[in-house]
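**Q** So here's final.csv, just CSV, C-alpha atoms and all ligand atoms:
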```csv
chain,number,residue,atom,x,y,z
A,201,MET,CA,9.4,-75.8,-32.0
A,202,THR,CA,7.4,-76.6,-35.0
A,203,LYS,CA,8.8,-74.2,-37.5
A,204,LYS,CA,11.8,-71.8,-37.5
A,205,ARG,CA,11.6,-68.4,-39.1
A,206,LYS,CA,14.3,-65.8,-39.6
A,207,SER,CA,11.9,-62.9,-39.5
A,208,SER,CA,8.5,-62.1,-38.0
A,209,GLU,CA,7.7,-59.7,-40.9
A,210,GLU,CA,5.0,-61.8,-42.5
A,211,GLN,CA,3.4,-62.6,-39.2
A,212,LEU,CA,3.1,-59.2,-37.6
A,213,ASP,CA,0.8,-56.2,-38.3
A,214,THR,CA,3.6,-53.7,-38.4
A,215,THR,CA,1.3,-50.8,-39.2
A,216,LYS,CA,-0.6,-51.5,-35.9
A,217,ILE,CA,2.7,-51.8,-34.0
A,218,LEU,CA,4.1,-48.5,-35.4
A,219,SER,CA,0.8,-46.7,-34.7
A,220,HIS,CA,1.2,-47.5,-31.0
A,221,LEU,CA,4.9,-46.6,-30.6
A,222,GLY,CA,4.4,-42.9,-31.3
A,223,ILE,CA,7.8,-42.5,-33.0
A,224,CYS,CA,8.9,-39.0,-33.7
A,225,PRO,CA,11.6,-37.4,-36.0
A,226,GLY,CA,14.9,-37.1,-34.2
A,227,GLN,CA,14.4,-40.1,-31.9
A,228,THR,CA,17.1,-42.8,-31.2
A,229,ILE,CA,15.8,-46.3,-31.4
A,230,LEU,CA,17.4,-49.7,-30.7
A,231,ASP,CA,16.0,-52.7,-32.5
A,232,ALA,CA,17.4,-55.4,-30.2
A,233,GLY,CA,17.7,-58.9,-31.7
A,234,CYS,CA,16.9,-57.2,-35.1
A,235,GLY,CA,17.2,-60.3,-37.2
A,236,ASP,CA,17.2,-59.2,-40.9
A,237,GLY,CA,16.5,-55.6,-39.7
A,238,TYR,CA,13.1,-55.1,-41.4
A,239,MET,CA,11.8,-53.0,-38.4
A,240,ALA,CA,15.0,-51.0,-38.1
A,241,LYS,CA,14.4,-49.9,-41.7
A,242,LYS,CA,10.8,-48.8,-40.9
A,243,PHE,CA,12.0,-46.9,-37.8
A,244,SER,CA,14.7,-45.3,-39.9
A,245,THR,CA,12.2,-43.6,-42.2
A,246,LEU,CA,10.1,-42.4,-39.2
A,247,VAL,CA,12.9,-40.8,-37.2
A,248,GLY,CA,14.4,-39.1,-40.3
A,249,ASN,CA,17.8,-37.7,-40.8
A,250,SER,CA,17.9,-36.1,-37.4
A,251,GLY,CA,17.3,-39.5,-35.7
A,252,LYS,CA,19.3,-42.6,-35.3
A,253,ILE,CA,18.6,-46.4,-35.3
A,254,TYR,CA,20.8,-49.0,-33.8
A,255,ALA,CA,20.2,-52.5,-35.2
A,256,LEU,CA,21.8,-55.1,-32.9
A,257,ASP,CA,22.0,-58.9,-33.1
A,258,TYR,CA,24.4,-61.4,-31.8
A,259,ARG,CA,24.5,-63.2,-35.2
A,260,ARG,CA,27.3,-61.7,-37.1
A,261,GLU,CA,26.2,-63.0,-40.5
A,262,LEU,CA,22.8,-61.3,-40.1
A,263,ILE,CA,24.5,-58.0,-39.1
A,264,ASN,CA,27.0,-58.2,-41.9
A,265,THR,CA,24.2,-58.6,-44.5
A,266,LEU,CA,22.2,-55.7,-43.0
A,267,HIS,CA,25.3,-53.5,-42.8
A,268,GLU,CA,25.7,-53.8,-46.6
A,269,GLU,CA,22.1,-52.8,-47.1
A,270,VAL,CA,22.1,-49.7,-44.8
A,271,ILE,CA,25.4,-48.0,-45.7
A,272,ASP,CA,24.8,-44.2,-45.9
A,273,THR,CA,21.6,-44.4,-43.8
A,274,ASN,CA,20.9,-43.4,-40.2
A,275,ILE,CA,21.0,-47.1,-39.2
A,276,GLU,CA,24.1,-48.2,-37.3
A,277,THR,CA,24.5,-52.0,-37.1
A,278,LEU,CA,26.0,-53.7,-34.1
A,279,VAL,CA,27.0,-57.2,-33.3
A,280,GLY,CA,26.2,-57.7,-29.7
A,281,ASP,CA,24.4,-59.5,-26.9
A,282,ILE,CA,21.5,-57.5,-25.5
A,283,THR,CA,21.8,-59.4,-22.2
A,284,THR,CA,25.2,-58.0,-21.6
A,285,THR,CA,26.6,-54.4,-21.4
A,286,THR,CA,26.6,-53.3,-25.0
A,287,LYS,CA,28.6,-50.6,-26.8
A,288,LEU,CA,25.6,-48.2,-26.5
A,289,GLU,CA,26.0,-45.0,-24.4
A,290,PRO,CA,24.1,-44.7,-21.1
A,291,CYS,CA,20.8,-42.9,-21.3
A,292,SER,CA,21.0,-42.7,-25.1
A,293,ILE,CA,17.9,-44.5,-26.3
A,294,ASP,CA,14.2,-43.3,-26.6
A,295,LEU,CA,12.8,-46.7,-27.6
A,296,VAL,CA,14.0,-50.3,-27.4
A,297,TYR,CA,12.1,-52.6,-29.6
A,298,LEU,CA,12.4,-56.4,-28.9
A,299,SER,CA,10.4,-58.6,-31.2
A,300,THR,CA,10.1,-62.3,-30.8
A,301,VAL,CA,13.4,-62.5,-28.8
A,302,PHE,CA,12.3,-62.5,-25.2
A,303,HIS,CA,11.3,-66.2,-25.1
A,304,ILE,CA,15.0,-67.1,-25.9
A,305,PHE,CA,16.3,-65.5,-22.7
A,306,SER,CA,17.1,-67.7,-19.6
A,307,PRO,CA,16.0,-66.3,-16.2
A,308,ALA,CA,19.6,-65.0,-15.7
A,309,GLN,CA,19.6,-63.3,-19.1
A,310,VAL,CA,16.2,-61.6,-18.3
A,311,VAL,CA,17.9,-60.0,-15.3
A,312,MET,CA,20.9,-58.9,-17.3
A,313,PHE,CA,18.6,-57.6,-20.1
A,314,GLU,CA,16.7,-55.5,-17.6
A,315,GLU,CA,20.0,-54.1,-16.3
A,316,GLU,CA,21.0,-53.1,-19.8
A,317,MET,CA,17.5,-51.5,-20.4
A,318,GLN,CA,17.9,-49.5,-17.2
A,319,ARG,CA,21.4,-48.3,-18.4
A,320,VAL,CA,20.6,-47.4,-22.0
A,321,LEU,CA,17.1,-46.0,-21.8
A,322,ARG,CA,16.6,-42.3,-21.2
A,323,PRO,CA,14.1,-41.2,-18.4
A,324,ASN,CA,10.5,-41.7,-19.7
A,325,ALA,CA,11.8,-43.8,-22.7
A,326,GLN,CA,9.9,-46.9,-23.8
A,327,LEU,CA,10.6,-50.6,-24.1
A,328,ALA,CA,8.3,-52.5,-26.4
A,329,ILE,CA,8.3,-56.3,-26.3
A,330,VAL,CA,6.5,-58.3,-29.0
A,331,ASN,CA,5.8,-61.9,-27.9
A,332,VAL,CA,3.9,-64.8,-29.3
A,333,ILE,CA,0.8,-65.5,-27.1
A,334,LYS,CA,1.1,-68.3,-24.6
A,335,GLU,CA,-1.4,-70.6,-26.4
A,336,GLU,CA,-1.1,-73.3,-29.0
A,337,THR,CA,-0.3,-71.5,-32.3
A,338,PRO,CA,0.5,-72.9,-35.8
A,339,CYS,CA,4.2,-72.1,-35.2
A,340,GLY,CA,6.5,-70.7,-32.6
A,341,PRO,CA,8.5,-71.8,-29.6
A,342,PRO,CA,7.3,-74.4,-27.1
A,343,LEU,CA,4.7,-73.1,-24.7
A,344,LYS,CA,7.0,-73.4,-21.7
A,345,MET,CA,9.4,-70.8,-23.3
A,346,ARG,CA,6.6,-68.3,-23.7
A,347,SER,CA,5.4,-65.6,-21.3
A,348,SER,CA,1.8,-64.3,-21.1
A,349,PRO,CA,1.5,-60.5,-20.7
A,350,GLU,CA,1.0,-61.0,-17.0
A,351,GLU,CA,4.1,-63.1,-16.7
A,352,LEU,CA,6.1,-60.7,-18.7
A,353,ARG,CA,5.0,-57.8,-16.5
A,354,ALA,CA,6.1,-59.8,-13.5
A,355,LYS,CA,9.6,-60.3,-15.0
A,356,ILE,CA,10.2,-56.7,-16.1
A,357,SER,CA,10.3,-54.0,-13.4
A,358,LEU,CA,9.8,-51.0,-15.8
A,359,THR,CA,6.3,-49.5,-15.6
A,360,PRO,CA,3.8,-51.2,-18.0
A,361,THR,CA,1.9,-48.6,-20.0
A,362,LYS,CA,0.1,-50.3,-22.8
A,363,LEU,CA,-0.8,-53.8,-24.0
A,364,VAL,CA,-1.6,-54.2,-27.7
A,365,GLU,CA,-3.1,-57.2,-29.4
A,366,VAL,CA,-0.9,-57.1,-32.5
A,367,ASN,CA,-2.8,-59.8,-34.4
A,368,MET,CA,-4.2,-63.2,-33.7
A,369,TYR,CA,-1.0,-64.8,-32.3
A,370,PHE,CA,1.1,-61.9,-30.9
A,371,TYR,CA,0.9,-59.1,-28.4
A,372,MET,CA,3.0,-56.1,-27.7
A,373,GLN,CA,3.6,-54.9,-24.1
A,374,ILE,CA,5.0,-51.4,-23.8
A,375,PHE,CA,6.9,-50.3,-20.7
A,376,GLN,CA,8.2,-46.9,-19.6
A,377,LYS,CA,11.3,-46.1,-17.6
A,378,LYS,CA,10.7,-43.7,-14.8
B,401,LIG,C1,13.1,-65.0,-33.9
B,401,LIG,S1,14.4,-63.9,-34.4
B,401,LIG,C2,13.5,-62.3,-34.4
B,401,LIG,C3,14.2,-61.3,-35.3
B,401,LIG,C4,13.4,-60.0,-35.4
B,401,LIG,N1,13.4,-59.3,-34.1
B,401,LIG,C5,12.0,-60.2,-36.0
B,401,LIG,O1,11.0,-59.8,-35.3
B,401,LIG,O2,11.9,-60.6,-37.1
B,401,LIG,C6,15.3,-63.7,-32.9
B,401,LIG,C7,16.5,-62.9,-33.1
B,401,LIG,O3,17.1,-62.5,-31.8
B,401,LIG,C8,18.5,-62.7,-31.9
B,401,LIG,N2,19.0,-62.8,-30.5
B,401,LIG,C9,18.6,-63.8,-29.6
B,401,LIG,N3,19.1,-63.6,-28.4
B,401,LIG,C10,19.9,-62.4,-28.5
B,401,LIG,C11,20.7,-61.7,-27.6
B,401,LIG,N4,20.9,-62.1,-26.3
B,401,LIG,N5,21.3,-60.6,-28.0
B,401,LIG,C12,21.1,-60.2,-29.3
B,401,LIG,N6,20.4,-60.8,-30.2
B,401,LIG,C13,19.8,-62.0,-29.8
B,401,LIG,C14,18.7,-63.9,-32.8
B,401,LIG,O4,20.0,-63.9,-33.3
B,401,LIG,C15,17.6,-63.6,-33.9
B,401,LIG,O5,18.1,-62.9,-34.9
```
Written as structure tokens, that's how I'd like the structure from this file.

**A**
Amino acid sequence: MTKKRKSSEEQLDTTKILSHLGICPGQTILDAGCGDGYMAKKFSTLVGNSGKIYALDYRRELINTLHEEVIDTNIETLVGDITTTTKLEPCSIDLVYLSTVFHIFSPAQVVMFEEEMQRVLRPNAQLAIVNVIKEETPCGPPLKMRSSPEELRAKISLTPTKLVEVNMYFYMQIFQKK
């Protein structure tokens, strides 16, 4: 790893990402591995008062900071590991957003992550995974930790629906649960 960043905010074209997610008022969204929660806050505005955002990360200090920032909003913060069974209700989520987290998972964690997606996503709900491309880039994890879109699709058994080039160094693969 050449350089560590806490948040992908400066690196991603979030307008483009949001334009492909088709978020509607009233939806329930999970920002898994939310970091500082900057996307959870954008989702919060889009789903409005009738919607709900869960911002989950296993780093308690990040969640504690975010929690202070989002009191009295529709964002609920959760300390948790998305590769285990979380506190979320079964079939409760319309969209899971996982940005620059997937490369961290071991093969065993990928299996458990998928199980948790199958449990929490509603039928026809979406999983959106943003990954750094599997090519040399100015910063990011070692190449061996990265997945190309083809490799990602082979690791996740949900139905792939859309592949988006987010900007020069990132892609977003969207999946749908049957
Ligand atoms: C590179 S940061 C990305 C943060 C944010 N998603 C973004 O795009 O800025 C990776 C985040 O995933 C979290 N994380 C890694 N593995 C996790 C897991 N199994 N469960 C929950 N959070 C996890 C880390 O604590 C960290 O905040």

**Q** Measuring atom to atom with all atoms listed in the file, identify which of A:Ile217, A:Met317, A:Ala240, A:Ile271 is nearest to A:Phe370.

**A** A:Ile217

**Q** In Å, with one decimal, what is the gap from atom CA of A:Pro341 to atom C1 of ligand LIG 401 (chain B)?

**A** 9.3 Å

**Q** Check every protein, DNA and RNA residue against ligand LIG 401 (chain B), keep those with an atom at most 6 Å away (counting all atoms listed in the file), and present them as a PyMOL selection string.

**A** chain A and resi 206-209+233-235+257-259+280-283+299-301+304

**Q** Give me, as a ChimeraX atom specification, all polymer residues having an atom no more than 9 Å from stretch 346-349 of chain A, counting only C-alpha atoms and skipping those fewer than 6 positions away in the same chain.

**A** /A:302-304,331-335,363,371-373

**Q** Need the shell around A:Ile253: protein/DNA/RNA residues with any atom at most 12 Å away, counting all atoms listed in the file. Skip same-chain ones fewer than 4 positions apart. Format as an MDAnalysis selection string?

**A** chainID A and resid 223 225:232 234 237:249 270 273:278 288 292:297

**Q** Using all atoms listed in the file, which of the listed residues (A:Ser219, A:Asp236, A:Leu358, A:Pro307) sits closest to A:Glu261?

**A**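 Among the listed residues, A:Asp236 lies closest to A:Glu261.
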
**Q** State, in Å with one decimal place, the distance from atom CA of A:Lys378 to atom CA of A:Lys252.

**A**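 Here the two named atoms are 22.3 Å from each other.
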
**Q** For atom CA of A:Leu212 and atom CA of A:Gln326, determine how far apart the two atoms are, in Å to one decimal place.

**A** 19.7 Å
